[in-house]
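**Student:** Coordinates in query_37.tsv, TSV, C-alpha atoms and all ligand atoms, are listed below.
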chain	number	residue	atom	x	y	z
J	1	MET	CA	11.54	-6.04	21.76
J	2	THR	CA	7.96	-6.98	20.89
J	3	ALA	CA	5.75	-5.58	18.15
J	4	PRO	CA	2.42	-6.45	16.54
J	5	LYS	CA	2.52	-9.01	13.75
J	6	LEU	CA	3.70	-7.46	10.51
J	7	ARG	CA	0.92	-7.85	7.94
J	8	LEU	CA	1.48	-8.32	4.23
J	9	GLY	CA	-0.98	-6.61	1.90
J	10	VAL	CA	-0.61	-7.82	-1.67
J	11	ASN	CA	-1.46	-5.27	-4.34
J	12	ILE	CA	-2.87	-6.96	-7.45
J	13	ASP	CA	-3.16	-3.87	-9.70
J	14	HIS	CA	-0.62	-5.09	-12.21
J	15	VAL	CA	-2.39	-8.37	-12.81
J	16	ALA	CA	-5.11	-6.09	-14.18
J	17	THR	CA	-2.49	-4.15	-16.15
J	18	VAL	CA	-1.54	-7.35	-18.00
J	19	ARG	CA	-5.20	-8.24	-18.51
J	20	ASN	CA	-5.99	-4.81	-19.92
J	21	ALA	CA	-3.08	-5.03	-22.37
J	22	ARG	CA	-5.30	-7.42	-24.37
J	23	GLY	CA	-8.68	-6.11	-23.30
J	24	GLY	CA	-10.08	-9.52	-22.27
J	25	ALA	CA	-10.78	-11.14	-18.91
J	26	LEU	CA	-7.41	-12.82	-18.27
J	27	PRO	CA	-5.37	-12.84	-16.13
J	28	ASP	CA	-8.06	-12.33	-13.51
J	29	PRO	CA	-7.01	-10.11	-10.56
J	30	THR	CA	-9.52	-11.84	-8.29
J	31	ARG	CA	-7.89	-15.20	-8.95
J	32	ALA	CA	-4.54	-13.59	-8.10
J	33	ALA	CA	-6.01	-12.21	-4.87
J	34	LEU	CA	-7.31	-15.64	-3.82
J	35	MET	CA	-3.96	-17.22	-4.62
J	36	ALA	CA	-2.07	-14.52	-2.67
J	37	ILE	CA	-4.29	-15.14	0.36
J	38	GLU	CA	-3.72	-18.87	0.07
J	39	ALA	CA	0.04	-18.14	0.08
J	40	GLY	CA	-0.17	-16.04	3.24
J	41	ALA	CA	-1.26	-12.50	2.34
J	42	ASP	CA	-3.08	-10.83	5.22
J	43	GLY	CA	-5.03	-8.55	2.93
J	44	ILE	CA	-5.47	-7.43	-0.66
J	45	THR	CA	-4.82	-3.92	-1.92
J	46	ALA	CA	-6.14	-2.46	-5.16
J	47	HIS	CA	-6.03	1.06	-6.56
J	48	LEU	CA	-9.01	2.25	-8.57
J	49	ARG	CA	-7.45	5.08	-10.55
J	50	GLU	CA	-9.43	7.84	-12.11
J	51	ASP	CA	-8.41	6.65	-15.60
J	52	ARG	CA	-9.12	2.95	-14.74
J	53	ARG	CA	-5.80	1.98	-16.32
J	54	HIS	CA	-5.65	-1.25	-14.32
J	55	ILE	CA	-8.31	-2.03	-11.70
J	56	ARG	CA	-11.88	-1.34	-12.85
J	57	ASP	CA	-15.04	-0.74	-10.88
J	58	ASP	CA	-16.29	-4.31	-11.31
J	59	ASP	CA	-12.92	-5.67	-10.09
J	60	MET	CA	-13.40	-3.87	-6.79
J	61	ALA	CA	-16.88	-5.32	-6.36
J	62	ARG	CA	-15.71	-8.82	-7.28
J	63	LEU	CA	-12.70	-8.61	-4.97
J	64	LYS	CA	-14.84	-7.51	-2.05
J	65	ALA	CA	-17.28	-10.37	-2.65
J	66	ALA	CA	-14.62	-13.05	-3.22
J	67	ILE	CA	-11.91	-12.56	-0.62
J	68	SER	CA	-11.92	-13.66	2.99
J	69	LYS	CA	-9.25	-11.15	4.10
J	70	PRO	CA	-9.50	-7.36	4.37
J	71	LEU	CA	-9.68	-5.30	1.17
J	72	ASN	CA	-7.64	-2.10	1.15
J	73	PHE	CA	-9.04	0.31	-1.46
J	74	GLU	CA	-6.51	2.89	-2.65
J	75	MET	CA	-8.13	5.98	-4.09
J	76	ALA	CA	-7.79	9.68	-4.73
J	77	ALA	CA	-9.94	11.98	-2.59
J	78	THR	CA	-12.67	12.68	-5.15
J	79	GLU	CA	-16.47	12.59	-4.81
J	80	GLN	CA	-16.74	9.80	-7.38
J	81	MET	CA	-14.27	7.57	-5.52
J	82	LEU	CA	-15.95	8.32	-2.21
J	83	ASP	CA	-19.31	7.14	-3.61
J	84	ILE	CA	-17.73	3.93	-4.90
J	85	ALA	CA	-15.93	3.24	-1.62
J	86	LEU	CA	-19.10	3.81	0.39
J	87	ARG	CA	-20.90	1.35	-1.86
J	88	ILE	CA	-18.17	-1.33	-1.83
J	89	LYS	CA	-17.39	-0.87	1.88
J	90	PRO	CA	-13.80	-2.19	1.96
J	91	ARG	CA	-12.17	-2.77	5.32
J	92	ALA	CA	-9.76	0.08	4.63
J	93	VAL	CA	-9.22	3.03	2.33
J	94	CYS	CA	-5.80	4.51	1.63
J	95	LEU	CA	-6.05	8.05	0.31
J	96	VAL	CA	-3.38	8.68	-2.31
J	97	PRO	CA	-2.44	11.61	-4.52
J	98	GLU	CA	-3.15	11.00	-8.18
J	99	LYS	CA	-1.94	12.71	-11.31
J	100	ARG	CA	-3.16	11.59	-14.71
J	101	THR	CA	0.28	11.73	-16.26
J	102	GLU	CA	2.21	9.82	-13.61
J	103	ARG	CA	3.24	6.22	-14.19
J	104	THR	CA	2.74	5.33	-10.53
J	105	THR	CA	1.92	7.20	-7.32
J	106	GLU	CA	4.71	9.74	-7.15
J	107	GLY	CA	5.20	11.23	-3.71
J	108	GLY	CA	2.86	11.41	-0.77
J	109	LEU	CA	-0.39	13.26	-0.18
J	110	ASP	CA	-0.15	16.96	0.63
J	111	VAL	CA	-2.00	16.58	3.92
J	112	VAL	CA	-0.75	19.94	5.22
J	113	GLY	CA	-2.05	22.02	2.30
J	114	GLY	CA	-5.00	19.70	1.65
J	115	HIS	CA	-6.40	19.59	5.19
J	116	ASN	CA	-9.73	21.22	4.41
J	117	HIS	CA	-10.27	19.12	1.29
J	118	LEU	CA	-9.28	15.83	2.97
J	119	ALA	CA	-11.01	16.16	6.35
J	120	PRO	CA	-14.58	15.50	5.08
J	121	PHE	CA	-13.38	12.38	3.19
J	122	VAL	CA	-11.74	11.02	6.31
J	123	SER	CA	-14.82	11.64	8.42
J	124	GLU	CA	-17.33	10.20	5.91
J	125	LEU	CA	-15.29	7.06	5.40
J	126	THR	CA	-14.70	6.68	9.13
J	127	ARG	CA	-18.44	7.10	9.80
J	128	ALA	CA	-19.03	4.22	7.38
J	129	GLY	CA	-16.74	2.00	9.47
J	130	ILE	CA	-13.83	2.12	7.02
J	131	ARG	CA	-10.29	2.49	8.40
J	132	VAL	CA	-8.63	5.41	6.65
J	133	SER	CA	-4.93	5.74	6.01
J	134	MET	CA	-3.00	8.60	4.43
J	135	PHE	CA	-0.23	7.78	1.97
J	136	ILE	CA	2.44	10.30	2.96
J	137	GLU	CA	6.09	11.14	2.71
J	138	ALA	CA	8.12	10.18	5.77
J	139	ALA	CA	8.10	13.68	7.25
J	140	GLY	CA	7.03	15.11	10.59
J	141	GLU	CA	4.64	17.72	9.17
J	142	ALA	CA	2.77	15.13	7.11
J	143	LEU	CA	2.41	12.93	10.19
J	144	GLU	CA	1.12	15.79	12.35
J	145	ALA	CA	-1.28	16.80	9.60
J	146	SER	CA	-2.57	13.22	9.23
J	147	LYS	CA	-3.27	13.14	12.92
J	148	SER	CA	-5.06	16.48	12.79
J	149	VAL	CA	-7.18	15.44	9.81
J	150	GLY	CA	-8.44	12.51	11.91
J	151	ALA	CA	-6.82	9.56	10.13
J	152	PRO	CA	-5.92	6.67	12.44
J	153	VAL	CA	-3.33	5.23	10.04
J	154	VAL	CA	-0.49	6.48	7.84
J	155	GLU	CA	1.31	4.64	5.07
J	156	LEU	CA	4.87	5.85	4.53
J	157	HIS	CA	5.95	6.18	0.89
J	158	THR	CA	9.07	4.05	0.50
J	159	GLY	CA	9.60	4.85	-3.20
J	160	ALA	CA	12.52	7.28	-2.80
J	161	TRP	CA	14.40	4.85	-0.55
J	162	CYS	CA	13.82	1.89	-2.88
J	163	HIS	CA	14.86	3.96	-5.88
J	164	ALA	CA	18.08	5.04	-4.16
J	165	ARG	CA	18.84	1.36	-3.50
J	166	GLU	CA	18.04	0.43	-7.07
J	167	ILE	CA	20.46	2.99	-8.53
J	168	GLY	CA	23.15	1.99	-6.04
J	169	ASP	CA	23.34	5.35	-4.23
J	170	ALA	CA	24.18	3.97	-0.79
J	171	ALA	CA	24.49	7.33	0.96
J	172	LEU	CA	21.12	8.54	-0.30
J	173	ALA	CA	19.54	5.18	0.53
J	174	GLU	CA	20.81	5.46	4.08
J	175	ARG	CA	19.44	8.99	4.47
J	176	GLU	CA	16.09	7.91	3.06
J	177	PHE	CA	15.92	4.91	5.36
J	178	GLU	CA	16.71	7.07	8.37
J	179	ARG	CA	13.86	9.36	7.34
J	180	ILE	CA	11.52	6.35	7.30
J	181	ARG	CA	12.84	5.12	10.66
J	182	ALA	CA	12.30	8.53	12.28
J	183	ALA	CA	8.82	8.88	10.75
J	184	ALA	CA	7.79	5.43	11.99
J	185	ALA	CA	8.87	6.39	15.53
J	186	THR	CA	6.99	9.70	15.28
J	187	ALA	CA	3.88	7.90	14.04
J	188	ARG	CA	3.91	5.69	17.10
J	189	ALA	CA	4.46	8.69	19.39
J	190	LEU	CA	1.42	10.36	17.80
J	191	GLY	CA	-0.67	7.22	18.25
J	192	LEU	CA	-0.92	6.59	14.50
J	193	GLU	CA	-0.80	3.05	13.10
J	194	CYS	CA	2.09	2.92	10.66
J	195	HIS	CA	2.17	1.11	7.29
J	196	ALA	CA	4.68	1.38	4.47
J	197	GLY	CA	4.88	0.63	0.77
J	198	HIS	CA	5.93	1.42	-2.76
J	199	GLY	CA	8.73	-0.19	-4.71
J	200	LEU	CA	9.53	-2.83	-2.08
J	201	ASP	CA	11.28	-6.06	-3.09
J	202	PHE	CA	12.57	-9.01	-1.02
J	203	ASP	CA	15.64	-7.11	0.24
J	204	THR	CA	13.98	-3.81	1.07
J	205	ALA	CA	11.02	-5.61	2.66
J	206	ARG	CA	13.46	-7.59	4.83
J	207	GLN	CA	15.22	-4.42	5.97
J	208	ILE	CA	12.11	-2.36	6.67
J	209	SER	CA	10.56	-5.25	8.60
J	210	GLY	CA	13.16	-4.53	11.28
J	211	LEU	CA	11.26	-1.36	12.23
J	212	PRO	CA	8.89	-2.50	14.99
J	213	GLU	CA	6.51	0.47	14.60
J	214	ILE	CA	5.55	-0.65	11.10
J	215	VAL	CA	2.70	-3.15	11.17
J	216	GLU	CA	1.75	-3.50	7.50
J	217	LEU	CA	3.57	-3.53	4.17
J	218	ASN	CA	1.70	-3.13	0.88
J	219	ILE	CA	3.56	-4.65	-2.03
J	220	GLY	CA	2.50	-5.09	-5.64
J	221	HIS	CA	4.65	-4.43	-8.67
J	222	PHE	CA	7.63	-6.50	-7.60
J	223	LEU	CA	5.48	-9.49	-6.58
J	224	VAL	CA	3.56	-9.54	-9.86
J	225	GLY	CA	6.84	-9.25	-11.77
J	226	GLU	CA	8.45	-12.01	-9.73
J	227	ALA	CA	5.39	-14.19	-10.33
J	228	VAL	CA	6.36	-14.33	-14.01
J	229	PHE	CA	9.49	-16.24	-13.00
J	230	ILE	CA	8.62	-18.23	-9.89
J	231	GLY	CA	4.82	-18.04	-9.70
J	232	LEU	CA	2.65	-15.86	-7.49
J	233	ASP	CA	2.34	-18.42	-4.73
J	234	ALA	CA	6.12	-18.75	-4.37
J	235	ALA	CA	6.65	-14.98	-4.65
J	236	VAL	CA	4.20	-14.25	-1.82
J	237	ARG	CA	5.65	-17.03	0.35
J	238	ARG	CA	9.19	-15.73	-0.17
J	239	MET	CA	8.05	-12.21	0.67
J	240	ARG	CA	6.42	-13.45	3.87
J	241	ALA	CA	9.65	-15.29	4.76
J	242	ALA	CA	11.75	-12.18	4.04
J	243	MET	CA	9.53	-10.10	6.32
J	244	ASP	CA	9.72	-12.67	9.13
J	245	GLU	CA	13.49	-12.86	8.69
J	246	GLY	CA	13.75	-9.06	8.90
J	247	ARG	CA	11.75	-8.99	12.14
J	248	ARG	CA	13.86	-11.83	13.59
J	249	ALA	CA	17.20	-10.31	12.57
J	250	ALA	CA	16.26	-7.05	14.29
J	251	GLY	CA	15.25	-8.94	17.43
J	252	VAL	CA	11.56	-8.01	17.03
J	253	LYS	CA	9.18	-10.64	18.41
J	254	ALA	CA	5.48	-10.79	17.59
Z	1	LIG	N1	1.03	1.59	-1.29
Z	1	LIG	C1	0.43	2.57	-2.01
Z	1	LIG	C2	-0.35	3.61	-1.29
Z	1	LIG	C3	0.51	2.58	-3.42
Z	1	LIG	O1	-0.07	3.57	-4.12
Z	1	LIG	C4	1.21	1.53	-4.07
Z	1	LIG	C5	1.27	1.51	-5.56
Z	1	LIG	O2	0.00	1.35	-6.08
Z	1	LIG	C6	1.78	0.54	-3.27
Z	1	LIG	C7	1.70	0.59	-1.89
Z	1	LIG	C8	2.50	-0.63	-3.88
Z	1	LIG	O3	3.61	-0.22	-4.60
Z	1	LIG	P1	4.37	-1.27	-5.52
Z	1	LIG	O4	3.39	-1.70	-6.57
Z	1	LIG	O5	5.50	-0.49	-6.06
Z	1	LIG	O6	4.78	-2.41	-4.64
Translate this file's structure into structure tokens.
Ligand code: PXP
**Tutor:**
Amino acid sequence: MTAPKLRLGVNIDHVATVRNARGGALPDPTRAALMAIEAGADGITAHLREDRRHIRDDDMARLKAAISKPLNFEMAATEQMLDIALRIKPRAVCLVPEKRTERTTEGGLDVVGGHNHLAPFVSELTRAGIRVSMFIEAAGEALEASKSVGAPVVELHTGAWCHAREIGDAALAEREFERIRAAAATARALGLECHAGHGLDFDTARQISGLPEIVELNIGHFLVGEAVFIGLDAAVRRMRAAMDEGRRAAGVKA
């Protein structure tokens, strides 16, 4: 079985979280982005949240100017974020739901109920040459709705699966993984490029890499945490190796 190369997008949000804990300039998320690219990242992902709790506006501008690989700008569908994205012109935008009180992005976008709100964002960003993806739950309706809103790419939320693994609920983890597997196959059938992310670690990244329809993983929190122990360079290299191993073990050739 052949499949496109599986890309690794490294999310550097939590380097900014550590920086902001002291309010200074260090550690610098741009330095982390350059190091991740050096270690094999195919792109850099950063989420400019409405409350700027980690990445700030100037980080986005500096990242765009500094990195040689594609920048994936995660944002909520708001007018303010649209203006910023159109100014920064990242290679890609991933539209995500955002609630002020959440600790991280909980659940996928409501593309079904939000069609009329989301459609103009997708078309404006697309007109500007930015590839738009929708961060969605692994469900048929969300995939159909993403297609109908005009997005060429979906990113499947892997949080529920990773959480089930983390708490040792094997039956739930299996059901969640099957949901992701089915959604990835549906995405391909609909002609949507399929990405995945949220909560992935070495083991879950290895397993999900066996799904040939998935062509990009976006991984942040675990890598930044692992960097504390083994360094960012080693963490990214090990992640790349885990992904390649997962593809190989499933008999998927690039
Ligand atoms: N993909 C999307 C759309 C996200 O919102 C996030 C979290 O910011 C990630 C991937 C990465 O998740 P994690 O930091 O848990 O690896």
**Student:** Please work out which residues fall within 7 Å of (2.6, 2.2, -6.5), coordinates as given in the file, with only C-alpha atoms counting, and return them as an MDAnalysis selection string.
**Tutor:** chainID J and resid 104:105 198:199
**Student:** Can I get the selected residues back with C-alpha atoms, as a PDB file, keeping the file's coordinate frame?
**Tutor:**
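Contents of result.pdb, as written:
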ATOM      1  CA  THR J 104       2.740   5.330 -10.530  1.00  0.00           C
ATOM      2  CA  THR J 105       1.920   7.200  -7.320  1.00  0.00           C
ATOM      3  CA  HIS J 198       5.930   1.420  -2.760  1.00  0.00           C
ATOM      4  CA  GLY J 199       8.730  -0.190  -4.710  1.00  0.00           C
TER       5      GLY J 199
END
**Student:** So that I can see what lies close to J:Arg188, please list as an mmCIF file with C-alpha atoms, keeping the file's coordinate frame the residues with an atom at most 12 Å from it, counting all atoms listed in the file and leaving out residues fewer than 2 positions away in the same chain.
**Tutor:**
data_model
loop_
_atom_site.group_PDB
_atom_site.id
_atom_site.type_symbol
_atom_site.label_atom_id
_atom_site.label_comp_id
_atom_site.auth_asym_id
_atom_site.auth_seq_id
_atom_site.Cartn_x
_atom_site.Cartn_y
_atom_site.Cartn_z
ATOM 1 C CA ALA J 3 5.750 -5.580 18.150
ATOM 2 C CA GLY J 140 7.030 15.110 10.590
ATOM 3 C CA LEU J 143 2.410 12.930 10.190
ATOM 4 C CA GLU J 144 1.120 15.790 12.350
ATOM 5 C CA LYS J 147 -3.270 13.140 12.920
ATOM 6 C CA PRO J 152 -5.920 6.670 12.440
ATOM 7 C CA VAL J 153 -3.330 5.230 10.040
ATOM 8 C CA VAL J 154 -0.490 6.480 7.840
ATOM 9 C CA ARG J 181 12.840 5.120 10.660
ATOM 10 C CA ALA J 182 12.300 8.530 12.280
ATOM 11 C CA ALA J 183 8.820 8.880 10.750
ATOM 12 C CA ALA J 184 7.790 5.430 11.990
ATOM 13 C CA ALA J 185 8.870 6.390 15.530
ATOM 14 C CA THR J 186 6.990 9.700 15.280
ATOM 15 C CA LEU J 190 1.420 10.360 17.800
ATOM 16 C CA GLY J 191 -0.670 7.220 18.250
ATOM 17 C CA LEU J 192 -0.920 6.590 14.500
ATOM 18 C CA GLU J 193 -0.800 3.050 13.100
ATOM 19 C CA CYS J 194 2.090 2.920 10.660
ATOM 20 C CA HIS J 195 2.170 1.110 7.290
ATOM 21 C CA LEU J 211 11.260 -1.360 12.230
ATOM 22 C CA PRO J 212 8.890 -2.500 14.990
ATOM 23 C CA GLU J 213 6.510 0.470 14.600
ATOM 24 C CA ILE J 214 5.550 -0.650 11.100
ATOM 25 C CA VAL J 215 2.700 -3.150 11.170
#
**Student:** Could you tell me how far atom CA of J:Leu200 sits from atom O3 of ligand LIG 1 (chain Z), in Å to one decimal place?
**Tutor:** 6.9 Å
**Student:** Can you pull out the residues contacting J:Pro90? Cut-off 9 Å, using only C-alpha atoms, and skip same-chain residues under 4 positions away; I want them as a compact mmCIF listing (two decimals) with C-alpha atoms, keeping the file's coordinate frame.
**Tutor:**
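Now in part-v3.txt:
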# COMPACT_ATOMS: atom_id res chain seq x y z
CA MET J 60 -13.40 -3.87 -6.79
CA LYS J 64 -14.84 -7.51 -2.05
CA PRO J 70 -9.50 -7.36 4.37
CA LEU J 71 -9.68 -5.30 1.17
CA ASN J 72 -7.64 -2.10 1.15
CA PHE J 73 -9.04 0.31 -1.46
CA ALA J 85 -15.93 3.24 -1.62
CA LEU J 86 -19.10 3.81 0.39
CA ILE J 130 -13.83 2.12 7.02
CA ARG J 131 -10.29 2.49 8.40
**Student:** Could you please extract the residues within 7 Å of ligand LIG 1 (chain Z), counting only C-alpha atoms and all ligand atoms, and hand them back as a VMD selection string?
**Tutor:** chain J and resid 11 47 74 94 96 104 to 105 135 155 196 to 200 218 to 222
**Student:** If you count all atoms listed in the file, which residues fall within 10 Å of J:Glu38, apart from same-chain ones fewer than 3 positions away, as a list of chain:residue names?
**Tutor:**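 Within the cut-off, the hits are J:Ala32, J:Ala33, J:Leu34, J:Met35, J:Ala41, J:Asp42, J:Asp233, J:Val236, J:Arg237.
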**Student:** Counting all atoms listed in the file, which residue out of J:Gly113, J:Gly231, J:Gly9, J:Gly40 sits closest to J:Ala92?
**Tutor:**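 Closest to J:Ala92 of all the choices is J:Gly9.
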**Student:** Which residue is closest to J:Ala138? Choose from J:Ile37, J:Ala151, J:Ala160, J:Ile167 and count all atoms listed in the file.
**Tutor:**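 Answer, going by the shortest atom-to-atom distance: J:Ala160.
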**Student:** With distances taken over all atoms listed in the file, which residue among J:Ala128, J:Ala164, J:Ala187, J:Ala173 lies nearest J:Ala145?
**Tutor:**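 Going through J:Ala128, J:Ala164, J:Ala187, J:Ala173 one by one, the smallest distance to J:Ala145 is for J:Ala187.
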**Student:** Considering only C-alpha atoms, state which residue in the set J:Arg56, J:His157, J:Lys5, J:Arg238 is at the smallest distance from J:Gly108.
**Tutor:** J:His157
**Student:** Pick from J:Gly210, J:Gly43, J:Pro29, J:Gly107: nearest to J:Ala61, with all atoms listed in the file counted?
**Tutor:**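 Going through J:Gly210, J:Gly43, J:Pro29, J:Gly107 one by one, the smallest distance to J:Ala61 is for J:Pro29.
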**Student:** Point out the residue among J:Arg7, J:Arg127, J:Arg52, J:Arg87 with the least atom-to-atom distance to J:Glu216, counting all atoms listed in the file.
**Tutor:**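 With all atoms listed in the file as the atom set, the closest residue is J:Arg7.
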**Student:** Using Å and a single decimal, report how far atom CA of J:Gly114 sits from atom CA of J:Arg91.
**Tutor:**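 It comes out at 23.9 Å.
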**Student:** Please compute the atom CA of J:Arg53-atom CA of J:Phe202 distance, one decimal, in Å.
**Tutor:**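 So the answer is 26.3 Å.
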**Student:** What are the centre and the three edge lengths of an axis-aligned box that wraps all atoms of stretch 45-51 of chain J in the file, given that 8 Å is added to every side, written as lines of an AutoDock Vina configuration file and rounded to one decimal in Å?
**Tutor:**
center_x = -7.1
center_y = 2.0
center_z = -8.8
size_x = 20.6
size_y = 27.8
size_z = 29.7
